[in-house]
file target-v1.txt (compact mmCIF, C-alpha atoms)
# COMPACT_ATOMS: atom_id res chain seq x y z
CA MET A 1 0.00 0.00 0.00
CA THR A 2 2.85 2.36 0.88
CA GLN A 3 4.59 1.58 -2.41
CA PHE A 4 1.40 2.33 -4.34
CA LYS A 5 1.05 5.60 -2.45
CA ASN A 6 4.62 6.60 -3.34
CA VAL A 7 4.07 5.78 -7.01
CA PHE A 8 0.84 7.80 -7.02
CA LEU A 9 2.60 10.73 -5.32
CA PHE A 10 5.43 10.62 -7.86
CA ILE A 11 2.99 10.60 -10.79
CA ALA A 12 0.95 13.43 -9.27
CA THR A 13 3.97 15.65 -8.62
CA PHE A 14 5.38 14.98 -12.07
CA MET A 15 2.04 15.85 -13.66
CA TRP A 16 1.96 19.03 -11.57
CA LEU A 17 5.43 19.86 -12.87
CA LEU A 18 4.31 19.41 -16.46
CA THR A 19 1.15 21.44 -15.93
CA SER A 20 2.75 24.34 -14.08
CA ALA A 21 5.80 24.53 -16.28
CA LYS A 22 3.70 24.11 -19.46
CA ALA A 23 6.58 22.22 -21.05
CA ALA A 24 9.71 20.31 -20.11
CA GLN A 25 13.22 19.99 -21.43
CA TRP A 26 16.42 18.10 -20.77
CA ALA A 27 19.25 19.86 -19.01
CA ARG A 28 22.76 19.03 -17.84
CA VAL A 29 24.43 20.30 -14.68
CA SER A 30 27.18 22.72 -15.73
CA ALA A 31 28.29 23.87 -12.26
CA GLU A 32 30.62 21.88 -10.02
CA LYS A 33 27.69 21.39 -7.66
CA ALA A 34 24.15 22.48 -8.45
CA ILE A 35 22.27 23.08 -5.21
CA ILE A 36 18.61 22.05 -5.24
CA TYR A 37 16.01 23.87 -3.19
CA SER A 38 12.66 22.84 -1.81
CA ASP A 39 11.06 26.22 -2.50
CA VAL A 40 11.09 28.72 -5.33
CA GLU A 41 12.61 31.44 -3.10
CA MET A 42 15.76 29.29 -2.59
CA SER A 43 15.54 29.55 1.19
CA SER A 44 15.75 25.78 1.91
CA PRO A 45 18.59 23.84 0.20
CA ILE A 46 18.05 20.09 0.43
CA GLY A 47 20.92 18.64 -1.60
CA PHE A 48 23.00 19.01 -4.72
CA LEU A 49 23.62 17.50 -8.14
CA LYS A 50 27.06 16.83 -9.61
CA ARG A 51 28.49 18.29 -12.79
CA GLY A 52 27.33 16.45 -15.90
CA GLN A 53 24.22 14.91 -14.35
CA LYS A 54 21.16 15.01 -16.61
CA LEU A 55 17.73 16.10 -15.37
CA ARG A 56 14.34 17.04 -16.69
CA VAL A 57 13.38 20.67 -15.97
CA GLY A 58 10.43 22.90 -16.67
CA ASP A 59 10.51 25.32 -19.56
CA VAL A 60 9.33 28.44 -17.70
CA PRO A 61 11.81 30.02 -15.23
CA ARG A 62 10.49 31.08 -11.81
CA ASN A 63 11.51 33.68 -9.23
CA LYS A 64 12.27 36.32 -11.86
CA GLY A 65 14.26 33.89 -13.97
CA ARG A 66 16.46 32.57 -11.16
CA VAL A 67 15.30 28.94 -10.97
CA LEU A 68 13.67 26.15 -12.96
CA PRO A 69 11.46 23.41 -11.48
CA THR A 70 12.47 19.75 -11.61
CA VAL A 71 11.68 16.48 -9.80
CA TYR A 72 14.08 15.03 -7.24
CA LYS A 73 13.33 11.99 -5.05
CA GLU A 74 9.66 12.06 -5.99
CA ARG A 75 9.13 15.71 -5.12
CA VAL A 76 9.15 19.01 -6.98
CA VAL A 77 12.31 21.01 -6.32
CA PHE A 78 14.10 23.96 -7.89
CA VAL A 79 17.56 24.45 -9.37
CA LYS A 80 19.32 27.67 -10.39
CA THR A 81 19.29 28.45 -14.09
CA THR A 82 22.95 29.49 -13.84
CA ASP A 83 23.93 25.99 -12.59
CA ILE A 84 22.53 24.08 -15.58
CA GLN A 85 22.76 24.07 -19.36
CA THR A 86 19.54 23.31 -21.23
CA ASN A 87 19.04 22.22 -24.78
CA LYS A 88 18.09 25.81 -25.54
CA ASN A 89 20.52 28.65 -25.54
CA GLN A 90 21.14 29.74 -21.93
CA ALA A 91 20.57 33.36 -22.87
CA VAL A 92 17.03 32.47 -23.91
CA VAL A 93 16.30 30.59 -20.69
CA LYS A 94 17.55 33.56 -18.75
CA THR A 95 14.50 35.73 -19.29
CA ALA A 96 14.39 39.45 -19.93
CA SER A 97 13.21 40.03 -16.36
CA MET A 98 16.27 38.23 -15.05
CA ARG A 99 18.56 40.37 -17.18
CA ILE A 100 16.90 43.51 -15.90
CA LYS A 101 17.23 42.20 -12.34
CA ASP A 102 20.93 41.55 -12.87
CA GLN A 103 21.44 45.09 -14.14
CA ILE A 104 19.65 46.54 -11.14
CA GLU A 105 21.68 44.44 -8.74
CA ARG A 106 24.90 45.64 -10.35
CA LYS A 107 23.89 49.22 -9.63
CA SER A 108 25.21 50.40 -6.30
CA ARG A 109 23.19 53.64 -6.24
CA GLU A 110 19.88 55.07 -7.31
CA SER A 111 20.20 58.64 -8.57
CA LEU A 112 17.55 61.19 -9.48
CA ILE A 113 17.64 64.73 -10.80
CA ALA A 114 14.64 67.06 -11.01
CA VAL A 115 14.04 70.56 -12.37
CA GLY A 116 11.07 72.79 -11.69
CA ALA A 117 9.64 75.77 -9.83
CA ASN A 118 9.29 76.55 -6.14
CA GLY A 119 8.11 79.33 -3.88
CA LEU A 120 8.42 80.59 -0.32
CA ALA A 121 5.79 82.54 1.63
CA SER A 122 8.03 84.22 4.17
CA THR A 123 7.76 86.46 7.20
CA ILE A 124 10.69 88.80 7.84
CA ASP A 125 11.64 89.35 11.47
CA ASP A 126 13.47 92.68 11.20
CA PRO A 127 11.39 95.08 9.10
CA ASP A 128 11.82 98.01 11.50
CA ALA A 129 15.49 98.42 10.64
CA LEU A 130 14.25 100.19 7.52
CA PRO A 131 11.12 102.29 7.99
CA GLY A 132 8.31 101.23 5.69
CA SER A 133 9.81 97.81 5.02
CA PRO A 134 7.15 95.09 4.44
CA ASP A 135 6.48 92.46 7.11
CA SER A 136 6.46 89.58 4.62
CA TYR A 137 7.69 88.58 1.18
CA VAL A 138 6.43 86.01 -1.31
CA PHE A 139 9.38 84.44 -3.11
CA SER A 140 9.22 82.52 -6.37
CA GLY A 141 11.83 81.00 -8.61
CA LEU A 142 13.42 77.96 -10.19
CA GLY A 143 15.10 75.00 -8.56
CA VAL A 144 17.08 71.83 -9.19
CA GLN A 145 16.83 68.75 -6.97
CA GLY A 146 19.17 65.78 -6.72
CA VAL A 147 18.79 62.50 -4.83
CA ILE A 148 21.56 59.98 -4.18
CA ARG A 149 20.50 56.73 -2.53
CA GLU A 150 22.25 53.44 -1.90
CA PHE A 151 20.34 50.81 -3.88
CA ASP A 152 17.07 49.88 -2.15
CA SER A 153 17.99 51.81 1.02
CA PRO A 154 15.38 54.01 2.76
CA LYS A 155 18.02 56.66 3.48
CA ALA A 156 19.16 59.18 0.89
CA LEU A 157 21.20 62.33 0.45
CA LEU A 158 19.20 65.26 -0.98
CA LEU A 159 20.87 68.19 -2.70
CA ASN A 160 18.92 71.20 -3.92
CA MET A 161 19.71 74.56 -5.48
CA SER A 162 17.22 77.33 -6.07
CA TYR A 163 17.07 80.97 -7.07
CA LEU A 164 14.28 82.91 -5.36
CA GLN A 165 13.18 86.49 -5.80
CA ALA A 166 10.53 88.59 -4.06
CA THR A 167 9.34 92.17 -4.58
CA GLU A 168 7.08 94.07 -2.19
CA ASP A 169 6.35 97.73 -2.91
CA THR A 170 9.68 99.22 -4.02
CA ARG A 171 11.80 96.74 -2.08
CA SER A 172 13.10 93.39 -3.28
CA ILE A 173 15.16 90.49 -2.00
CA GLU A 174 16.77 87.84 -4.14
CA THR A 175 18.76 84.87 -2.91
CA PHE A 176 20.55 81.82 -4.25
CA LEU A 177 20.06 78.82 -1.94
CA ILE A 178 21.91 75.53 -1.58
CA GLY A 179 20.39 72.84 0.61
CA VAL A 180 21.95 69.60 1.87
CA ASP A 181 19.47 67.25 3.52
CA GLN A 182 19.27 63.75 4.95
CA ALA A 183 16.11 61.96 3.81
CA TYR A 184 14.27 58.85 4.95
CA ARG A 185 11.82 57.11 2.61
CA PHE A 186 8.88 55.69 4.58
CA ILE A 187 6.58 54.83 1.63
CA ASN A 188 8.00 52.91 -1.33
CA LEU A 189 5.46 51.61 -3.86
CA GLU A 190 5.81 50.68 -7.50
CA LYS A 191 4.46 54.02 -8.76
CA TYR A 192 4.79 56.25 -5.71
CA ASP A 193 7.11 56.95 -2.81
CA MET A 194 7.30 59.52 -0.01
CA SER A 195 10.23 60.74 2.09
CA ALA A 196 10.81 63.04 5.06
CA PHE A 197 13.97 65.15 5.16
CA ALA A 198 15.84 67.76 7.16
CA GLY A 199 19.09 69.63 6.65
CA VAL A 200 21.00 72.87 6.33
CA LEU A 201 20.63 75.86 4.00
CA VAL A 202 23.40 78.09 2.71
CA SER A 203 23.03 81.25 0.65
CA PRO A 204 26.37 82.24 -0.89
CA TYR A 205 24.69 85.20 -2.56
CA SER A 206 21.77 87.40 -1.49
CA GLN A 207 20.77 90.92 -2.44
CA TYR A 208 18.51 93.53 -0.88
CA GLU A 209 17.41 96.50 -2.97
CA ILE A 210 15.29 99.60 -2.54
CA ASP A 211 14.38 101.06 -5.89
CA ASN A 212 16.40 104.17 -6.78
CA GLN A 213 17.98 104.24 -3.30
CA PHE A 214 20.56 101.53 -2.78
CA LYS A 215 21.46 97.90 -3.42
CA VAL A 216 23.53 95.74 -1.05
CA ASN A 217 24.78 92.17 -1.21
CA GLY A 218 25.09 89.61 1.55
CA TYR A 219 24.90 85.92 2.37
CA GLY A 220 22.91 83.66 4.64
CA ALA A 221 22.56 80.35 6.46
CA GLY A 222 19.69 78.39 7.91
CA VAL A 223 17.81 75.10 8.12
CA GLU A 224 14.91 73.32 6.44
CA VAL A 225 12.62 70.37 7.13
CA GLY A 226 9.93 68.85 4.93
CA ILE A 227 8.33 66.04 2.97
CA ASN A 228 8.56 65.15 -0.71
CA SER A 229 6.69 62.63 -2.81
CA LEU A 230 7.57 61.10 -6.16
CA VAL A 231 4.86 60.06 -8.63
CA LYS A 232 6.46 57.69 -11.15
CA LEU A 233 5.18 58.15 -14.70
CA GLY A 234 7.51 55.56 -16.21
CA ARG A 235 10.78 53.77 -15.63
CA THR A 236 12.81 57.00 -15.53
CA VAL A 237 10.39 59.96 -15.55
CA GLY A 238 8.27 61.22 -12.66
CA ILE A 239 6.78 64.22 -10.87
CA LEU A 240 8.44 65.30 -7.62
CA LEU A 241 6.30 67.36 -5.23
CA GLU A 242 7.78 69.04 -2.17
CA ALA A 243 6.52 70.86 0.92
CA LYS A 244 8.93 72.19 3.54
CA TYR A 245 9.56 74.86 6.16
CA GLN A 246 12.64 77.06 5.71
CA TYR A 247 14.49 79.44 8.00
CA LEU A 248 17.26 81.65 6.62
CA LYS A 249 19.33 84.28 8.47
CA PHE A 250 20.98 86.98 6.34
CA PHE A 251 24.38 88.50 7.05
CA GLY A 252 26.54 91.14 5.43
CA PHE A 253 23.88 93.62 4.37
CA ASP A 254 26.04 96.70 4.97
CA LEU A 255 23.48 99.45 4.52
CA PRO A 256 24.55 103.06 3.96
CA GLU A 257 24.09 105.37 6.92
CA SER A 258 21.41 107.32 5.11
CA THR A 259 19.98 108.10 1.70
CA THR A 260 17.90 110.94 0.36
CA ASN A 261 14.66 109.49 1.68
CA ILE A 262 15.72 106.85 4.22
CA THR A 263 17.52 107.04 7.53
CA VAL A 264 18.81 103.65 8.65
CA GLN A 265 18.09 103.00 12.31
CA GLU A 266 20.25 99.92 12.91
CA ASP A 267 22.15 97.10 11.22
CA PHE A 268 19.95 95.17 8.84
CA SER A 269 20.44 91.40 9.44
CA PRO A 270 16.95 89.98 9.00
CA SER A 271 15.69 86.42 9.03
CA ILE A 272 13.06 85.07 6.67
CA PHE A 273 11.04 81.98 7.50
CA GLY A 274 7.90 80.24 6.29
CA PRO A 275 6.44 77.40 4.21
CA SER A 276 7.89 76.52 0.82
CA PHE A 277 6.37 74.45 -1.99
CA GLY A 278 7.79 73.06 -5.20
CA ALA A 279 6.91 70.93 -8.24
CA PHE A 280 9.61 69.30 -10.37
CA LEU A 281 9.96 67.01 -13.36
CA SER A 282 12.32 64.21 -12.33
CA PHE A 283 14.61 61.83 -14.20
CA SER A 284 16.16 58.75 -12.57
CA PHE A 285 19.31 57.02 -13.75
call {"tool": "encode", "arguments": {"input": "target-v1.txt", "output": "structure tokens"}}
result
Amino acid sequence: MTQFKNVFLFIATFMWLLTSAKAAQWARVSAEKAIIYSDVEMSSPIGFLKRGQKLRVGDVPRNKGRVLPTVYKERVVFVKTTDIQTNKNQAVVKTASMRIKDQIERKSRESLIAVGANGLASTIDDPDALPGSPDSYVFSGLGVQGVIREFDSPKALLLNMSYLQATEDTRSIETFLIGVDQAYRFINLEKYDMSAFAGVLVSPYSQYEIDNQFKVNGYGAGVEVGINSLVKLGRTVGILLEAKYQYLKFFGFDLPESTTNITVQEDFSPSIFGPSFGAFLSFSF
């Protein structure tokens, strides 16, 4: 009875192999030792086959082209496609998905660059240094974003550069900003991901101007914190949306002691701070 049961089990498993694989082919072990696994994920090795040994394998690779099914000791097992040579050309057996997977695995980093527009709705904390100076400025401008991430890691380095300009009444401020942030990706889906980030801001160039009165240059430093999300439109193209809070302190605005219409009351070293938003077209490589 036990023998009949074993024969029936062998026939059933072999029929399952033929049905699930849709076809079968002869193969020969090309590796020194071809490890066989009990599951398609290759988590449970149960033995090995020697070089030159012949076996019957399925025609459809599994696990993204990594393994092929076969029968060993009356049970369905799996062997790596790289450990065997089939009657077909090995490059054909190794499916397109496997080749893509190999290319991805060879990449050590994921990189992204994005270009677009951003804006900052800012309060200024030192308007009284210049009588009549506005209490807030709305900045707008262009920006470039860059993301460098170790392959499949949630952490990333964010680099951004932007030129922002704001005009209120007859007064204007323009600034060139460079941001360096540490990001952490907490949502990672096939077509969408979202990251939180925080870092430092540096402005190597800023300018404050009052129309027909004076123009002075300075610099600045500050911090930023925010969230960005990437909507993937294809393999390489996407839309990057960003929302953050920025704080920037200006230095070096050496104002003249007085002008025809303005008497300066004190040193002008203001801070601007407020929410910032941006939309960018991204390209990954």
call {"tool": "residues_around", "arguments": {"input": "target-v1.txt", "residues": "A:Ser195", "least_positions_apart": "3", "cutoff": "7 Å", "atoms": "all atoms listed in the file", "output": "ChimeraX atom specification"}}
result
/A:183-187,227-229
call {"tool": "residues_around", "arguments": {"input": "target-v1.txt", "residues": "stretch 166-173 of chain A", "least_positions_apart": "2", "cutoff": "8 Å", "atoms": "all atoms listed in the file", "output": "VMD selection string"}}
result
chain A and resid 133 to 134 137 to 140 164 175 206 to 211
call {"tool": "atom_distance", "arguments": {"input": "target-v1.txt", "atom1": "atom CA of A:Arg66", "atom2": "atom CA of A:Ser30"}}
result
15.3 Å
call {"tool": "residues_around", "arguments": {"input": "target-v1.txt", "residues": "A:Leu233", "least_positions_apart": "2", "cutoff": "12 Å", "atoms": "only C-alpha atoms", "output": "list of chain:residue names"}}
result
A:Glu190, A:Lys191, A:Tyr192, A:Leu230, A:Val231, A:Arg235, A:Thr236, A:Val237, A:Gly238, A:Ile239, A:Leu240, A:Leu281, A:Ser282, A:Phe283, A:Ser284
call {"tool": "residues_around", "arguments": {"input": "target-v1.txt", "residues": "A:Ile35", "least_positions_apart": "6", "cutoff": "9 Å", "atoms": "all atoms listed in the file", "output": "JSON, numbers by chain"}}
result
{"A": [45, 46, 47, 48, 49, 78, 79, 80, 83]}
call {"tool": "residues_around", "arguments": {"input": "target-v1.txt", "residues": "stretch 147-157 of chain A", "least_positions_apart": "4", "cutoff": "10 Å", "atoms": "all atoms listed in the file", "output": "list of chain:residue names"}}
result
A:Ile104, A:Glu105, A:Arg106, A:Lys107, A:Ser108, A:Arg109, A:Glu110, A:Ser111, A:Leu112, A:Ile113, A:Ala114, A:Val180, A:Asp181, A:Gln182, A:Ala183, A:Tyr184, A:Arg185, A:Phe186, A:Ile187, A:Asn188, A:Ser195, A:Ala196, A:Phe197, A:Gly199, A:Ser284
call {"tool": "closest_residue", "arguments": {"input": "target-v1.txt", "among": "A:Glu174, A:Gly179, A:Val202, A:Pro69", "to": "A:Asn217", "atoms": "only C-alpha atoms"}}
result
A:Glu174
call {"tool": "atom_distance", "arguments": {"input": "target-v1.txt", "atom1": "atom CA of A:Lys244", "atom2": "atom CA of A:Ser276"}}
result
5.2 Å
call {"tool": "atom_distance", "arguments": {"input": "target-v1.txt", "atom1": "atom CA of A:Gln213", "atom2": "atom CA of A:Phe253"}}
result
14.4 Å
call {"tool": "closest_residue", "arguments": {"input": "target-v1.txt", "among": "A:Ser38, A:Tyr247, A:Glu74, A:Thr86", "to": "A:Val60", "atoms": "all atoms listed in the file"}}
result
A:Thr86
call {"tool": "closest_residue", "arguments": {"input": "target-v1.txt", "among": "A:Ala117, A:Val67, A:Ile124, A:Leu248", "to": "A:Met161", "atoms": "all atoms listed in the file"}}
result
A:Ala117
call {"tool": "closest_residue", "arguments": {"input": "target-v1.txt", "among": "A:Phe250, A:Phe277, A:Phe285, A:Trp26", "to": "A:Gly143", "atoms": "only C-alpha atoms"}}
result
A:Phe277
call {"tool": "closest_residue", "arguments": {"input": "target-v1.txt", "among": "A:Met42, A:Val77, A:Leu201, A:Leu177", "to": "A:Asn118", "atoms": "all atoms listed in the file"}}
result
A:Leu177
call {"tool": "axis_aligned_box", "arguments": {"input": "target-v1.txt", "around": "stretch 27-40 of chain A", "padding_each_side": "3 Å", "output": "lines of an AutoDock Vina configuration file"}}
result
center_x = 20.8
center_y = 23.9
center_z = -10.4
size_x = 25.6
size_y = 15.7
size_z = 23.2
call {"tool": "build_atoms", "arguments": {"input": "target-v1.txt", "residues": "stretch 222-240 of chain A", "atoms": "N, CA and C atoms", "output": "PDB file, in the coordinates of the input"}}
result
ATOM      1  N   GLY A 222      20.902  78.769   7.202  1.00  0.00           N
ATOM      2  CA  GLY A 222      19.690  78.390   7.910  1.00  0.00           C
ATOM      3  C   GLY A 222      19.450  76.894   7.859  1.00  0.00           C
ATOM      4  N   VAL A 223      18.191  76.512   8.078  1.00  0.00           N
ATOM      5  CA  VAL A 223      17.810  75.100   8.120  1.00  0.00           C
ATOM      6  C   VAL A 223      16.488  74.919   7.370  1.00  0.00           C
ATOM      7  N   GLU A 224      16.182  73.644   7.056  1.00  0.00           N
ATOM      8  CA  GLU A 224      14.910  73.320   6.440  1.00  0.00           C
ATOM      9  C   GLU A 224      14.490  71.911   6.835  1.00  0.00           C
ATOM     10  N   VAL A 225      13.170  71.677   6.834  1.00  0.00           N
ATOM     11  CA  VAL A 225      12.620  70.370   7.130  1.00  0.00           C
ATOM     12  C   VAL A 225      11.346  70.202   6.302  1.00  0.00           C
ATOM     13  N   GLY A 226      11.105  69.003   5.782  1.00  0.00           N
ATOM     14  CA  GLY A 226       9.930  68.850   4.930  1.00  0.00           C
ATOM     15  C   GLY A 226       9.655  67.426   4.500  1.00  0.00           C
ATOM     16  N   ILE A 227       8.753  67.318   3.530  1.00  0.00           N
ATOM     17  CA  ILE A 227       8.330  66.040   2.970  1.00  0.00           C
ATOM     18  C   ILE A 227       8.285  66.186   1.452  1.00  0.00           C
ATOM     19  N   ASN A 228       8.745  65.158   0.735  1.00  0.00           N
ATOM     20  CA  ASN A 228       8.560  65.150  -0.710  1.00  0.00           C
ATOM     21  C   ASN A 228       7.965  63.822  -1.143  1.00  0.00           C
ATOM     22  N   SER A 229       7.302  63.837  -2.266  1.00  0.00           N
ATOM     23  CA  SER A 229       6.690  62.630  -2.810  1.00  0.00           C
ATOM     24  C   SER A 229       6.982  62.554  -4.298  1.00  0.00           C
ATOM     25  N   LEU A 230       7.237  61.336  -4.764  1.00  0.00           N
ATOM     26  CA  LEU A 230       7.570  61.100  -6.160  1.00  0.00           C
ATOM     27  C   LEU A 230       6.484  60.248  -6.801  1.00  0.00           C
ATOM     28  N   VAL A 231       5.845  60.796  -7.842  1.00  0.00           N
ATOM     29  CA  VAL A 231       4.860  60.060  -8.630  1.00  0.00           C
ATOM     30  C   VAL A 231       5.564  59.578  -9.887  1.00  0.00           C
ATOM     31  N   LYS A 232       5.704  58.257 -10.051  1.00  0.00           N
ATOM     32  CA  LYS A 232       6.460  57.690 -11.150  1.00  0.00           C
ATOM     33  C   LYS A 232       5.570  57.531 -12.379  1.00  0.00           C
ATOM     34  N   LEU A 233       5.937  58.218 -13.460  1.00  0.00           N
ATOM     35  CA  LEU A 233       5.180  58.150 -14.700  1.00  0.00           C
ATOM     36  C   LEU A 233       5.697  57.073 -15.636  1.00  0.00           C
ATOM     37  N   GLY A 234       6.893  56.592 -15.383  1.00  0.00           N
ATOM     38  CA  GLY A 234       7.510  55.560 -16.210  1.00  0.00           C
ATOM     39  C   GLY A 234       8.739  55.032 -15.499  1.00  0.00           C
ATOM     40  N   ARG A 235       9.587  54.330 -16.240  1.00  0.00           N
ATOM     41  CA  ARG A 235      10.780  53.770 -15.630  1.00  0.00           C
ATOM     42  C   ARG A 235      11.753  54.851 -15.160  1.00  0.00           C
ATOM     43  N   THR A 236      11.828  55.969 -15.861  1.00  0.00           N
ATOM     44  CA  THR A 236      12.810  57.000 -15.530  1.00  0.00           C
ATOM     45  C   THR A 236      12.214  58.366 -15.253  1.00  0.00           C
ATOM     46  N   VAL A 237      10.981  58.622 -15.669  1.00  0.00           N
ATOM     47  CA  VAL A 237      10.390  59.960 -15.550  1.00  0.00           C
ATOM     48  C   VAL A 237       9.340  59.973 -14.451  1.00  0.00           C
ATOM     49  N   GLY A 238       9.267  61.094 -13.723  1.00  0.00           N
ATOM     50  CA  GLY A 238       8.270  61.220 -12.660  1.00  0.00           C
ATOM     51  C   GLY A 238       8.027  62.678 -12.320  1.00  0.00           C
ATOM     52  N   ILE A 239       7.097  62.890 -11.406  1.00  0.00           N
ATOM     53  CA  ILE A 239       6.780  64.220 -10.870  1.00  0.00           C
ATOM     54  C   ILE A 239       7.153  64.225  -9.395  1.00  0.00           C
ATOM     55  N   LEU A 240       8.013  65.155  -9.004  1.00  0.00           N
ATOM     56  CA  LEU A 240       8.440  65.300  -7.620  1.00  0.00           C
ATOM     57  C   LEU A 240       7.755  66.512  -7.006  1.00  0.00           C
TER      58      LEU A 240
END
